[in-house]
$ cat upload.cif   # mmCIF, C-alpha atoms
data_input
loop_
_atom_site.label_atom_id
_atom_site.label_comp_id
_atom_site.auth_asym_id
_atom_site.auth_seq_id
_atom_site.Cartn_x
_atom_site.Cartn_y
_atom_site.Cartn_z
CA MET G 1 0.00 0.00 0.00
CA SER G 2 2.86 2.30 0.56
CA SER G 3 3.67 2.28 -3.16
CA LEU G 4 0.21 3.45 -4.27
CA PRO G 5 1.00 7.16 -4.37
CA ALA G 6 4.04 6.41 -6.47
CA LEU G 7 1.94 4.40 -8.91
CA LEU G 8 -0.63 7.15 -9.15
CA VAL G 9 2.03 9.72 -9.84
CA THR G 10 3.47 7.48 -12.51
CA ALA G 11 0.08 6.86 -14.11
CA GLY G 12 -0.86 10.53 -14.07
CA ALA G 13 2.39 11.72 -15.59
CA SER G 14 2.12 12.60 -19.25
CA PRO G 15 4.60 10.96 -21.66
CA SER G 16 7.46 13.16 -22.80
CA PRO G 17 7.38 14.12 -26.51
CA SER G 18 9.89 12.36 -28.83
CA PRO G 19 12.47 14.63 -30.37
CA SER G 20 11.87 15.65 -33.95
CA PRO G 21 14.30 14.59 -36.72
CA SER G 22 15.37 18.16 -37.31
CA GLN G 23 16.36 18.59 -33.74
CA SER G 24 18.39 15.33 -33.51
CA THR G 25 20.48 15.85 -36.75
CA SER G 26 21.27 19.53 -36.56
CA PRO G 27 25.09 19.98 -36.07
CA ALA G 28 26.41 22.19 -33.42
CA VAL G 29 27.50 25.51 -34.88
CA PRO G 30 31.08 26.38 -33.82
CA THR G 31 31.27 29.56 -32.04
CA LEU G 32 33.81 32.33 -32.49
CA GLN G 33 35.52 31.20 -29.34
CA ASP G 34 36.09 27.66 -30.77
CA ALA G 35 37.62 29.07 -33.94
CA GLN G 36 39.85 31.31 -31.93
CA GLU G 37 41.06 28.36 -29.85
CA SER G 38 41.80 26.28 -32.98
CA ALA G 39 43.79 29.10 -34.56
CA THR G 40 45.69 29.62 -31.35
CA ASN G 41 46.60 25.91 -31.16
CA ALA G 42 47.73 25.83 -34.80
CA ALA G 43 49.82 28.94 -34.38
CA SER G 44 51.45 27.57 -31.29
CA TRP G 45 52.19 24.23 -33.06
CA VAL G 46 53.72 26.05 -36.02
CA GLU G 47 55.68 28.26 -33.67
CA GLN G 48 57.02 25.23 -31.88
CA ASN G 49 58.05 23.33 -35.09
CA TRP G 50 59.03 26.01 -37.59
CA SER G 51 62.67 25.86 -36.61
CA THR G 52 62.73 22.10 -37.24
CA TRP G 53 61.09 22.54 -40.64
CA LEU G 54 63.43 25.31 -41.58
CA ALA G 55 66.46 23.22 -40.61
CA MET G 56 65.17 20.22 -42.60
CA GLY G 57 64.42 22.36 -45.65
CA LEU G 58 67.80 24.01 -45.57
CA ARG G 59 69.51 20.66 -45.17
CA ILE G 60 67.60 19.13 -48.11
CA LEU G 61 68.30 22.20 -50.24
CA LEU G 62 71.98 22.03 -49.37
CA ILE G 63 72.12 18.29 -50.22
CA VAL G 64 70.44 18.86 -53.60
CA ILE G 65 72.68 21.81 -54.48
CA VAL G 66 75.86 19.95 -53.53
CA ALA G 67 74.77 16.81 -55.42
CA VAL G 68 73.89 18.72 -58.60
CA ALA G 69 77.09 20.78 -58.48
CA LEU G 70 79.25 17.72 -57.80
CA ARG G 71 77.58 15.76 -60.60
CA ALA G 72 78.11 18.58 -63.09
CA ALA G 73 81.75 18.99 -62.03
CA VAL G 74 82.48 15.26 -62.30
CA ARG G 75 80.80 14.94 -65.70
CA ARG G 76 82.71 17.96 -66.99
CA ALA G 77 85.99 16.54 -65.71
CA ILE G 78 85.28 13.21 -67.42
CA THR G 79 84.42 14.97 -70.69
CA GLN G 80 87.61 17.02 -70.58
CA LEU G 81 89.65 13.89 -69.85
CA ILE G 82 88.13 12.07 -72.84
CA ASP G 83 88.73 15.11 -75.10
CA ARG G 84 92.34 15.32 -73.92
CA MET G 85 92.86 11.65 -74.74
CA GLY G 86 91.49 12.28 -78.23
CA ARG G 87 93.73 15.33 -78.79
CA THR G 88 96.79 13.40 -77.59
CA ALA G 89 96.07 10.62 -80.08
CA GLN G 90 95.53 13.11 -82.92
CA ALA G 91 98.85 14.85 -82.17
CA VAL G 92 100.86 11.73 -83.11
CA ASP G 93 98.94 10.79 -86.26
CA GLY G 94 101.73 12.02 -88.56
CA THR G 95 104.60 10.43 -86.63
CA ALA G 96 106.01 6.94 -86.63
CA LEU G 97 104.02 6.18 -83.51
CA GLY G 98 100.84 7.04 -85.35
CA GLY G 99 101.04 3.84 -87.37
CA LEU G 100 100.80 1.81 -84.19
CA LEU G 101 97.68 3.61 -83.00
CA VAL G 102 94.13 2.77 -83.89
CA ASN G 103 92.11 4.69 -86.45
CA ALA G 104 90.00 7.76 -85.72
CA GLU G 105 86.66 5.96 -85.70
CA ARG G 106 87.92 3.39 -83.23
CA ARG G 107 89.27 6.11 -80.93
CA ARG G 108 86.01 8.03 -81.16
CA GLN G 109 83.81 5.04 -80.32
CA ARG G 110 86.09 3.86 -77.55
CA SER G 111 86.26 7.33 -76.00
CA ALA G 112 82.50 7.78 -76.28
CA ALA G 113 81.85 4.40 -74.66
CA ILE G 114 84.30 4.99 -71.82
CA GLY G 115 82.93 8.49 -71.21
CA SER G 116 79.34 7.25 -71.19
CA VAL G 117 80.13 4.50 -68.69
CA LEU G 118 82.06 6.80 -66.37
CA ARG G 119 79.39 9.51 -66.48
CA SER G 120 76.61 7.01 -65.80
CA VAL G 121 78.47 5.48 -62.86
CA ALA G 122 79.27 8.90 -61.39
CA SER G 123 75.66 10.10 -61.74
CA PHE G 124 74.30 6.93 -60.15
CA LEU G 125 76.62 7.13 -57.17
CA ILE G 126 76.15 10.86 -56.53
CA LEU G 127 72.38 11.00 -57.00
CA GLY G 128 71.81 7.74 -55.13
CA THR G 129 73.80 8.98 -52.15
CA ALA G 130 71.91 12.29 -52.21
CA ALA G 131 68.55 10.50 -52.27
CA LEU G 132 69.49 8.38 -49.25
CA MET G 133 70.62 11.49 -47.36
CA VAL G 134 67.31 13.24 -48.11
CA LEU G 135 65.36 10.24 -46.84
CA SER G 136 67.43 10.16 -43.69
CA THR G 137 66.63 13.85 -43.15
CA PHE G 138 62.93 12.95 -42.89
CA GLU G 139 63.92 10.40 -40.21
CA ILE G 140 62.88 7.48 -42.38
CA ASN G 141 64.38 4.15 -41.37
CA LEU G 142 66.52 3.11 -44.32
CA ALA G 143 67.28 -0.40 -43.12
CA PRO G 144 64.07 -2.01 -44.53
CA LEU G 145 64.47 -0.03 -47.75
CA LEU G 146 68.06 -1.12 -48.24
CA ALA G 147 67.17 -4.71 -47.40
CA SER G 148 64.33 -4.68 -49.94
CA ALA G 149 66.60 -3.11 -52.55
CA GLY G 150 69.19 -5.80 -51.87
CA VAL G 151 66.66 -8.60 -52.29
CA ALA G 152 65.30 -7.00 -55.47
CA GLY G 153 68.83 -6.58 -56.81
CA VAL G 154 69.63 -10.23 -56.19
CA ALA G 155 66.40 -11.32 -57.90
CA ILE G 156 67.08 -9.09 -60.90
CA GLY G 157 70.66 -10.30 -61.01
CA PHE G 158 69.57 -13.95 -61.17
CA GLY G 159 66.91 -13.18 -63.77
CA ALA G 160 69.14 -11.06 -66.00
CA ARG G 161 72.53 -12.62 -65.27
CA ASN G 162 73.32 -13.01 -68.98
CA LEU G 163 72.61 -9.34 -69.57
CA VAL G 164 74.77 -8.33 -66.62
CA THR G 165 77.56 -10.62 -67.82
CA ASP G 166 77.44 -9.11 -71.32
CA PHE G 167 77.49 -5.57 -69.94
CA LEU G 168 80.41 -6.15 -67.57
CA SER G 169 82.40 -8.00 -70.24
CA GLY G 170 81.82 -5.14 -72.68
CA VAL G 171 82.96 -2.57 -70.11
CA PHE G 172 86.24 -4.40 -69.46
CA MET G 173 86.83 -5.04 -73.17
CA ILE G 174 86.54 -1.32 -73.89
CA LEU G 175 88.57 -0.21 -70.88
CA GLU G 176 91.36 -2.68 -71.67
CA ASP G 177 91.25 -1.82 -75.41
CA GLN G 178 91.18 -5.48 -76.42
CA TYR G 179 89.86 -4.57 -79.88
CA GLY G 180 88.22 -1.70 -81.70
CA VAL G 181 86.59 -0.60 -84.93
CA GLY G 182 88.62 -1.75 -87.92
CA ASP G 183 90.39 -4.62 -86.15
CA VAL G 184 90.21 -8.15 -87.53
CA ILE G 185 89.60 -10.47 -84.60
CA ASP G 186 88.94 -14.13 -83.95
CA ALA G 187 86.32 -14.24 -81.20
CA GLY G 188 85.94 -18.00 -81.18
CA VAL G 189 82.27 -17.97 -82.15
CA ALA G 190 82.94 -15.72 -85.18
CA THR G 191 85.81 -14.15 -87.11
CA GLY G 192 85.80 -10.90 -89.02
CA GLU G 193 86.38 -7.16 -89.01
CA VAL G 194 84.94 -5.16 -86.10
CA ILE G 195 82.44 -2.56 -87.38
CA GLU G 196 80.85 -1.57 -84.05
CA VAL G 197 81.72 -2.05 -80.39
CA GLY G 198 78.93 -1.90 -77.83
CA LEU G 199 78.62 -2.59 -74.14
CA ARG G 200 76.47 -5.66 -74.81
CA VAL G 201 77.03 -6.72 -78.44
CA THR G 202 79.97 -6.50 -80.85
CA LYS G 203 79.30 -6.45 -84.62
CA LEU G 204 81.70 -8.25 -86.95
CA ARG G 205 81.87 -8.25 -90.75
CA GLY G 206 82.74 -11.74 -91.96
CA ALA G 207 84.89 -12.70 -94.95
CA ASN G 208 81.79 -13.28 -97.12
CA GLY G 209 80.16 -9.99 -96.14
CA GLU G 210 77.90 -11.36 -93.41
CA ILE G 211 77.44 -9.45 -90.15
CA TRP G 212 77.90 -11.34 -86.89
CA TYR G 213 76.32 -10.09 -83.67
CA VAL G 214 78.47 -11.48 -80.89
CA ARG G 215 77.40 -11.08 -77.25
CA ASN G 216 80.32 -9.90 -75.17
CA GLY G 217 79.56 -12.40 -72.42
CA GLU G 218 79.98 -15.33 -74.84
CA VAL G 219 83.52 -14.37 -75.86
CA LYS G 220 85.97 -16.55 -73.94
CA ARG G 221 89.12 -15.62 -75.85
CA ILE G 222 89.97 -13.02 -78.48
CA GLY G 223 92.68 -13.17 -81.11
CA ASN G 224 93.37 -9.68 -82.45
CA LEU G 225 94.99 -9.87 -85.88
CA SER G 226 95.38 -6.09 -86.24
CA GLN G 227 97.48 -5.10 -83.24
CA GLY G 228 101.27 -4.81 -83.23
CA TRP G 229 102.50 -6.50 -86.40
CA ALA G 230 101.76 -9.47 -88.65
CA THR G 231 103.91 -12.09 -90.37
CA ALA G 232 103.84 -12.86 -94.09
CA GLY G 233 105.16 -16.35 -94.88
CA VAL G 234 105.67 -17.90 -98.33
CA ASP G 235 106.77 -21.50 -98.98
CA VAL G 236 108.60 -22.01 -102.29
CA THR G 237 108.80 -25.62 -103.50
CA VAL G 238 111.58 -26.36 -106.00
CA ARG G 239 113.21 -29.49 -107.38
CA ALA G 240 115.70 -31.27 -105.19
CA SER G 241 118.35 -30.92 -107.88
CA GLU G 242 118.31 -27.11 -107.85
CA ASP G 243 121.34 -25.17 -106.67
CA LEU G 244 120.54 -23.78 -103.22
CA ASP G 245 122.95 -20.88 -103.54
CA ARG G 246 121.33 -19.75 -106.79
CA VAL G 247 117.86 -20.11 -105.25
CA LYS G 248 118.85 -18.05 -102.19
CA ALA G 249 120.51 -15.37 -104.33
CA THR G 250 117.38 -15.02 -106.45
CA LEU G 251 115.16 -14.74 -103.37
CA ASP G 252 117.47 -12.15 -101.80
CA GLU G 253 117.33 -10.07 -104.95
CA VAL G 254 113.52 -10.19 -104.98
CA ALA G 255 113.38 -9.21 -101.29
CA GLU G 256 115.78 -6.28 -101.70
CA ARG G 257 113.95 -4.91 -104.74
CA MET G 258 110.56 -5.22 -103.06
CA SER G 259 111.79 -3.48 -99.89
CA ARG G 260 112.82 -0.39 -101.90
CA GLU G 261 109.67 0.03 -103.97
CA GLU G 262 106.49 1.81 -102.90
CA PRO G 263 104.05 1.10 -101.32
CA TRP G 264 105.69 -2.12 -100.14
CA ASN G 265 108.43 -0.26 -98.24
CA GLU G 266 105.70 1.10 -95.93
CA LEU G 267 103.89 -2.20 -95.52
CA LEU G 268 107.10 -4.06 -94.67
CA TRP G 269 108.17 -3.39 -91.08
CA GLY G 270 111.24 -5.57 -91.40
CA PRO G 271 113.46 -7.11 -94.07
CA VAL G 272 112.26 -10.06 -96.10
CA GLU G 273 114.27 -13.00 -94.77
CA VAL G 274 115.05 -16.34 -96.37
CA LEU G 275 114.76 -18.63 -93.38
CA GLY G 276 116.18 -21.66 -95.18
CA LEU G 277 114.94 -25.14 -95.99
CA ASP G 278 111.66 -25.97 -94.33
CA SER G 279 111.60 -29.57 -95.59
CA VAL G 280 113.62 -31.80 -97.94
CA LEU G 281 112.07 -34.78 -99.78
CA ILE G 282 113.25 -37.17 -102.47
CA ASP G 283 112.10 -35.11 -105.45
CA SER G 284 111.54 -31.63 -103.96
CA MET G 285 112.51 -29.20 -101.24
CA VAL G 286 110.68 -26.27 -99.59
CA VAL G 287 112.35 -22.92 -98.96
CA ARG G 288 110.69 -20.66 -96.36
CA VAL G 289 110.50 -16.88 -96.89
CA SER G 290 109.15 -14.62 -94.12
CA ALA G 291 108.64 -10.89 -93.48
CA LYS G 292 107.21 -8.72 -90.70
CA THR G 293 104.41 -6.52 -92.05
CA MET G 294 101.87 -3.92 -91.00
CA PRO G 295 98.87 -5.41 -89.14
CA GLY G 296 96.26 -6.75 -91.51
CA LYS G 297 98.54 -6.57 -94.60
CA SER G 298 100.17 -9.99 -94.41
CA VAL G 299 97.96 -11.53 -97.11
CA THR G 300 98.66 -8.65 -99.51
CA VAL G 301 102.41 -8.95 -98.98
CA GLU G 302 102.30 -12.74 -99.43
CA ARG G 303 100.52 -12.42 -102.78
CA GLU G 304 103.03 -9.85 -104.04
CA LEU G 305 105.93 -12.02 -102.87
CA ARG G 306 104.60 -15.05 -104.75
CA TRP G 307 104.13 -12.95 -107.88
CA ARG G 308 107.67 -11.58 -107.79
CA ILE G 309 109.27 -14.91 -106.87
CA LYS G 310 107.55 -16.68 -109.77
CA ARG G 311 108.72 -14.07 -112.27
CA ALA G 312 112.28 -14.09 -110.89
CA PHE G 313 112.47 -17.90 -110.97
CA ASP G 314 111.22 -17.99 -114.54
CA ALA G 315 113.91 -15.52 -115.54
CA ALA G 316 116.57 -17.57 -113.72
CA SER G 317 115.28 -20.90 -115.18
CA ILE G 318 114.46 -22.23 -111.71
CA ARG G 319 111.49 -24.52 -111.85
CA ILE G 320 108.80 -24.40 -109.14
CA VAL G 321 107.11 -27.76 -108.68
CA GLY G 322 103.56 -28.22 -107.53
CA GLY G 323 104.15 -30.02 -104.27
CA ALA G 324 106.00 -32.64 -102.31
CA THR G 325 104.70 -35.49 -104.53
CA ALA G 326 105.03 -33.64 -107.85
CA VAL G 327 106.77 -35.41 -110.73
CA GLU G 328 109.72 -33.48 -112.06
CA ASP G 329 109.38 -34.24 -115.79
CA ALA G 330 106.20 -35.86 -116.90
CA GLU G 331 107.49 -36.30 -120.47
CA GLU G 332 110.37 -38.49 -119.25
CA ALA G 333 108.07 -41.17 -117.83
CA PRO G 334 107.96 -44.39 -119.93
CA ASP G 335 105.01 -44.90 -122.20
CA PRO G 336 102.85 -47.65 -120.67
CA THR G 337 101.53 -48.67 -124.14
CA ALA G 338 104.99 -49.36 -125.54
CA THR G 339 105.09 -52.88 -124.08
CA VAL G 340 101.59 -53.76 -125.21
CA ALA G 341 101.43 -55.76 -128.44
CA ALA G 342 98.99 -55.16 -131.21
CA PRO G 343 95.73 -57.13 -131.08
CA SER G 344 96.54 -58.80 -134.43
CA VAL G 345 99.36 -60.92 -133.00
CA TYR G 346 96.89 -62.82 -130.87
CA SER G 347 95.12 -64.10 -133.99
CA ASN G 348 98.11 -66.31 -134.82
CA ALA G 349 98.07 -69.38 -132.61
CA ASP G 350 101.79 -69.93 -133.13
CA SER G 351 102.86 -66.39 -132.08
CA PRO G 352 104.84 -65.91 -128.85
CA GLN G 353 102.10 -63.62 -127.46
CA SER G 354 99.47 -66.33 -127.95
CA ALA G 355 101.73 -68.92 -126.39
CA ALA G 356 102.40 -66.65 -123.39
CA ALA G 357 98.69 -65.96 -122.96
CA SER G 358 97.66 -69.63 -123.29
CA PRO G 359 97.00 -71.53 -120.09
CA ILE G 360 99.54 -74.00 -118.96
CA VAL G 361 98.38 -77.55 -119.59
CA THR G 362 99.27 -80.00 -116.87
CA GLN G 363 101.05 -83.02 -118.31
CA ARG G 364 99.70 -86.33 -116.99
CA PRO G 365 102.26 -89.03 -116.31
CA ALA G 366 102.12 -91.94 -118.75
CA PRO G 367 100.72 -95.23 -117.39
CA PRO G 368 103.30 -97.92 -116.71
CA ALA G 369 103.81 -100.50 -119.42
CA LYS G 370 102.48 -104.00 -118.84
#
$ encode --input "upload.cif" --output "structure tokens"
Amino acid sequence: MSSLPALLVTAGASPSPSPSPSQSTSPAVPTLQDAQESATNAASWVEQNWSTWLAMGLRILLIVIVAVALRAAVRRAITQLIDRMGRTAQAVDGTALGGLLVNAERRRQRSAAIGSVLRSVASFLILGTAALMVLSTFEINLAPLLASAGVAGVAIGFGARNLVTDFLSGVFMILEDQYGVGDVIDAGVATGEVIEVGLRVTKLRGANGEIWYVRNGEVKRIGNLSQGWATAGVDVTVRASEDLDRVKATLDEVAERMSREEPWNELLWGPVEVLGLDSVLIDSMVVRVSAKTMPGKSVTVERELRWRIKRAFDAASIRIVGGATAVEDAEEAPDPTATVAAPSVYSNADSPQSAAASPIVTQRPAPPAK
């Protein structure tokens, strides 16, 4: 009974009205005081951090300026070094040393390739270091980035190992000047004249006019036939009955005359020497003639030597035979038909030829008399 008044009060109380949608969704309008507080907080935050921002900006600006200036200076120094190398090579073109140097196109391509490689390496190192310094200025942890770059580099290296091998081999070939444009080389997989040298591929012109594209990473050994000097060798085969002194005197006369005449006096870098007998057989002997020539001109000198030796031997009545098994005088060989009888003699049964060609009849022993 004591709770009756409370129940009556509860029953007599009117329900409170539900709020309208407009009243529940209306945002609170910021007052001027709230805006003033926000501006004050922002200004104080900027005031507290502006020195840090200014220091970071100045540091980044200084890093960029130093990197750009250093890159420009290094690239300019490399360009001047390459130009100086080219001018030094051009200064000796008219001297005796100039014949030992490579041609202008080879020097130009080699210098351009070396300069490009050096400039690319310098730019990569300088700009990469500057980028890492800028990232460290923003207090970014570089350890995960470097680890990811290392893993990516290893993956790319395994995937493109042939490309990397070709590139590195080309760089060392150019830096070491193993060959250049105009050289005749034997690269193992192909032989020919070098018409273009690249960091990845070398182009060769073959003897039949074909162009070979040789990857630098596939070249295991290189034989350069155009560096230093070449050797022209001619083997002269004469009869074994020839007078060696007369043969040597004729060859010496040919060599002396050829050494004085142009343009052979420029192609020959040493005297034409008669080395002596290379081999002696029953019916022939081989005399070896050799000469040191300009690179790449050995075949031309050999052809001229053969031409002159043949004419000199003809004038001196010295016969050149065709080889080690050559017959000296074919007309002196006996006629194989001289011992063959005419077919008519076999028609006579009593002729000696018929008797010689008849089979031998086995004589049977006579039976014993009874």
$ closest_residue --input "upload.cif" --among "G:Trp50, G:Asn141, G:Arg71, G:Leu61" --to "G:Leu127" --atoms "all atoms listed in the file"
G:Arg71
$ atom_distance --input "upload.cif" --atom1 "atom CA of G:Val287" --atom2 "atom CA of G:Ser226"
27.1 Å
$ resolve_selection --input "upload.cif" --expression "the PyMOL selection byres ((chain G and resi 178) around 12)" --output "count of residues only"
31
$ residues_around --input "upload.cif" --residues "G:Val214" --least-positions-apart "6" --cutoff "8 Å" --atoms "only C-alpha atoms" --output "list in words"
Val189, Ala190, Val201, Thr202, Lys203 and Leu204 of chain G
$ atom_distance --input "upload.cif" --atom1 "atom CA of G:Arg161" --atom2 "atom CA of G:Lys220"
16.5 Å
$ closest_residue --input "upload.cif" --among "G:Ile82, G:Ser284, G:Leu62, G:Arg260" --to "G:Arg108" --atoms "all atoms listed in the file"
G:Ile82
$ axis_aligned_box --input "upload.cif" --around "stretch 110-114 of chain G" --padding-each-side "3 Å" --output "lines of an AutoDock Vina configuration file"
center_x = 84.1
center_y = 5.8
center_z = -74.7
size_x = 10.4
size_y = 9.9
size_z = 11.7
$ closest_residue --input "upload.cif" --among "G:Ala160, G:Val117, G:Leu251, G:Val274" --to "G:Phe313" --atoms "all atoms listed in the file"
G:Leu251
$ closest_residue --input "upload.cif" --among "G:Ala240, G:Leu305, G:Met133, G:Ala249" --to "G:Val272" --atoms "only C-alpha atoms"
G:Leu305
$ atom_distance --input "upload.cif" --atom1 "atom CA of G:Ala316" --atom2 "atom CA of G:Glu261"
21.3 Å
$ resolve_selection --input "upload.cif" --expression "the PyMOL selection byres ((chain G and resi 236) around 8)" --output "ChimeraX atom specification"
/G:234-235,237-238,286-289,320
$ residues_around --input "upload.cif" --residues "G:Val254" --least-positions-apart "2" --cutoff "8 Å" --atoms "all atoms listed in the file" --output "ChimeraX atom specification"
/G:250-252,256-258,308-309,312
$ write_last_selection --input "upload.cif" --atoms "C-alpha atoms" --output "PDB file, in the frame of the given file"
ATOM      1  CA  THR G 250     117.380 -15.020-106.450  1.00  0.00           C
ATOM      2  CA  LEU G 251     115.160 -14.740-103.370  1.00  0.00           C
ATOM      3  CA  ASP G 252     117.470 -12.150-101.800  1.00  0.00           C
ATOM      4  CA  GLU G 256     115.780  -6.280-101.700  1.00  0.00           C
ATOM      5  CA  ARG G 257     113.950  -4.910-104.740  1.00  0.00           C
ATOM      6  CA  MET G 258     110.560  -5.220-103.060  1.00  0.00           C
ATOM      7  CA  ARG G 308     107.670 -11.580-107.790  1.00  0.00           C
ATOM      8  CA  ILE G 309     109.270 -14.910-106.870  1.00  0.00           C
ATOM      9  CA  ALA G 312     112.280 -14.090-110.890  1.00  0.00           C
TER      10      ALA G 312
END
$ closest_residue --input "upload.cif" --among "G:Arg306, G:Thr137, G:Ala39, G:Glu273" --to "G:Thr52" --atoms "all atoms listed in the file"
G:Thr137
$ resolve_selection --input "upload.cif" --expression "the PyMOL selection byres ((chain G and resi 79) around 10)" --output "list in words"
Ala73, Val74, Arg75, Arg76, Ala77, Ile78, Gln80, Leu81, Ile82, Asp83, Arg84, Met85, Ser111, Ala112, Gly115, Ser116, Leu118 and Arg119 of chain G
$ decode --input "upload.cif" --residues "stretch 198-215 of chain G" --atoms "N, CA, C and O atoms" --output "PDB file, in the first residue's frame"
ATOM      1  N   GLY G 198      79.922  -2.325 -78.800  1.00  0.00           N
ATOM      2  CA  GLY G 198      78.926  -1.898 -77.826  1.00  0.00           C
ATOM      3  C   GLY G 198      79.193  -2.513 -76.473  1.00  0.00           C
ATOM      4  O   GLY G 198      80.044  -3.404 -76.325  1.00  0.00           O
ATOM      5  N   LEU G 199      78.456  -2.038 -75.479  1.00  0.00           N
ATOM      6  CA  LEU G 199      78.623  -2.586 -74.140  1.00  0.00           C
ATOM      7  C   LEU G 199      78.029  -3.976 -74.005  1.00  0.00           C
ATOM      8  O   LEU G 199      78.408  -4.731 -73.114  1.00  0.00           O
ATOM      9  N   ARG G 200      77.096  -4.346 -74.881  1.00  0.00           N
ATOM     10  CA  ARG G 200      76.474  -5.662 -74.806  1.00  0.00           C
ATOM     11  C   ARG G 200      76.802  -6.537 -76.009  1.00  0.00           C
ATOM     12  O   ARG G 200      77.007  -7.736 -75.877  1.00  0.00           O
ATOM     13  N   VAL G 201      76.854  -5.953 -77.204  1.00  0.00           N
ATOM     14  CA  VAL G 201      77.028  -6.715 -78.437  1.00  0.00           C
ATOM     15  C   VAL G 201      78.140  -6.085 -79.262  1.00  0.00           C
ATOM     16  O   VAL G 201      78.267  -4.856 -79.308  1.00  0.00           O
ATOM     17  N   THR G 202      78.948  -6.932 -79.904  1.00  0.00           N
ATOM     18  CA  THR G 202      79.974  -6.498 -80.850  1.00  0.00           C
ATOM     19  C   THR G 202      79.588  -6.994 -82.237  1.00  0.00           C
ATOM     20  O   THR G 202      79.246  -8.165 -82.406  1.00  0.00           O
ATOM     21  N   LYS G 203      79.651  -6.104 -83.240  1.00  0.00           N
ATOM     22  CA  LYS G 203      79.302  -6.448 -84.615  1.00  0.00           C
ATOM     23  C   LYS G 203      80.575  -6.718 -85.406  1.00  0.00           C
ATOM     24  O   LYS G 203      81.516  -5.930 -85.378  1.00  0.00           O
ATOM     25  N   LEU G 204      80.574  -7.855 -86.119  1.00  0.00           N
ATOM     26  CA  LEU G 204      81.704  -8.254 -86.949  1.00  0.00           C
ATOM     27  C   LEU G 204      81.248  -8.423 -88.388  1.00  0.00           C
ATOM     28  O   LEU G 204      80.135  -8.903 -88.647  1.00  0.00           O
ATOM     29  N   ARG G 205      82.102  -8.021 -89.332  1.00  0.00           N
ATOM     30  CA  ARG G 205      81.868  -8.246 -90.752  1.00  0.00           C
ATOM     31  C   ARG G 205      82.710  -9.430 -91.186  1.00  0.00           C
ATOM     32  O   ARG G 205      83.940  -9.393 -91.153  1.00  0.00           O
ATOM     33  N   GLY G 206      82.036 -10.525 -91.594  1.00  0.00           N
ATOM     34  CA  GLY G 206      82.736 -11.738 -91.964  1.00  0.00           C
ATOM     35  C   GLY G 206      83.419 -11.629 -93.315  1.00  0.00           C
ATOM     36  O   GLY G 206      83.299 -10.632 -94.048  1.00  0.00           O
ATOM     37  N   ALA G 207      84.145 -12.703 -93.687  1.00  0.00           N
ATOM     38  CA  ALA G 207      84.887 -12.704 -94.946  1.00  0.00           C
ATOM     39  C   ALA G 207      83.959 -12.698 -96.150  1.00  0.00           C
ATOM     40  O   ALA G 207      84.319 -12.176 -97.213  1.00  0.00           O
ATOM     41  N   ASN G 208      82.760 -13.245 -96.022  1.00  0.00           N
ATOM     42  CA  ASN G 208      81.794 -13.279 -97.119  1.00  0.00           C
ATOM     43  C   ASN G 208      80.792 -12.132 -97.078  1.00  0.00           C
ATOM     44  O   ASN G 208      79.798 -12.153 -97.791  1.00  0.00           O
ATOM     45  N   GLY G 209      81.044 -11.140 -96.219  1.00  0.00           N
ATOM     46  CA  GLY G 209      80.161  -9.987 -96.141  1.00  0.00           C
ATOM     47  C   GLY G 209      79.075 -10.086 -95.093  1.00  0.00           C
ATOM     48  O   GLY G 209      78.327  -9.118 -94.901  1.00  0.00           O
ATOM     49  N   GLU G 210      78.946 -11.215 -94.418  1.00  0.00           N
ATOM     50  CA  GLU G 210      77.905 -11.359 -93.405  1.00  0.00           C
ATOM     51  C   GLU G 210      78.277 -10.577 -92.149  1.00  0.00           C
ATOM     52  O   GLU G 210      79.444 -10.323 -91.884  1.00  0.00           O
ATOM     53  N   ILE G 211      77.258 -10.186 -91.400  1.00  0.00           N
ATOM     54  CA  ILE G 211      77.444  -9.449 -90.149  1.00  0.00           C
ATOM     55  C   ILE G 211      77.122 -10.383 -88.985  1.00  0.00           C
ATOM     56  O   ILE G 211      76.042 -10.964 -88.925  1.00  0.00           O
ATOM     57  N   TRP G 212      78.075 -10.508 -88.073  1.00  0.00           N
ATOM     58  CA  TRP G 212      77.904 -11.341 -86.886  1.00  0.00           C
ATOM     59  C   TRP G 212      77.652 -10.437 -85.684  1.00  0.00           C
ATOM     60  O   TRP G 212      78.378  -9.471 -85.465  1.00  0.00           O
ATOM     61  N   TYR G 213      76.616 -10.776 -84.927  1.00  0.00           N
ATOM     62  CA  TYR G 213      76.317 -10.088 -83.670  1.00  0.00           C
ATOM     63  C   TYR G 213      76.770 -11.004 -82.535  1.00  0.00           C
ATOM     64  O   TYR G 213      76.135 -12.031 -82.267  1.00  0.00           O
ATOM     65  N   VAL G 214      77.861 -10.639 -81.917  1.00  0.00           N
ATOM     66  CA  VAL G 214      78.471 -11.480 -80.886  1.00  0.00           C
ATOM     67  C   VAL G 214      78.226 -10.842 -79.523  1.00  0.00           C
ATOM     68  O   VAL G 214      78.590  -9.676 -79.301  1.00  0.00           O
ATOM     69  N   ARG G 215      77.586 -11.571 -78.617  1.00  0.00           N
ATOM     70  CA  ARG G 215      77.400 -11.084 -77.252  1.00  0.00           C
ATOM     71  C   ARG G 215      78.730 -11.107 -76.527  1.00  0.00           C
ATOM     72  O   ARG G 215      79.482 -12.077 -76.599  1.00  0.00           O
TER      73      ARG G 215
END
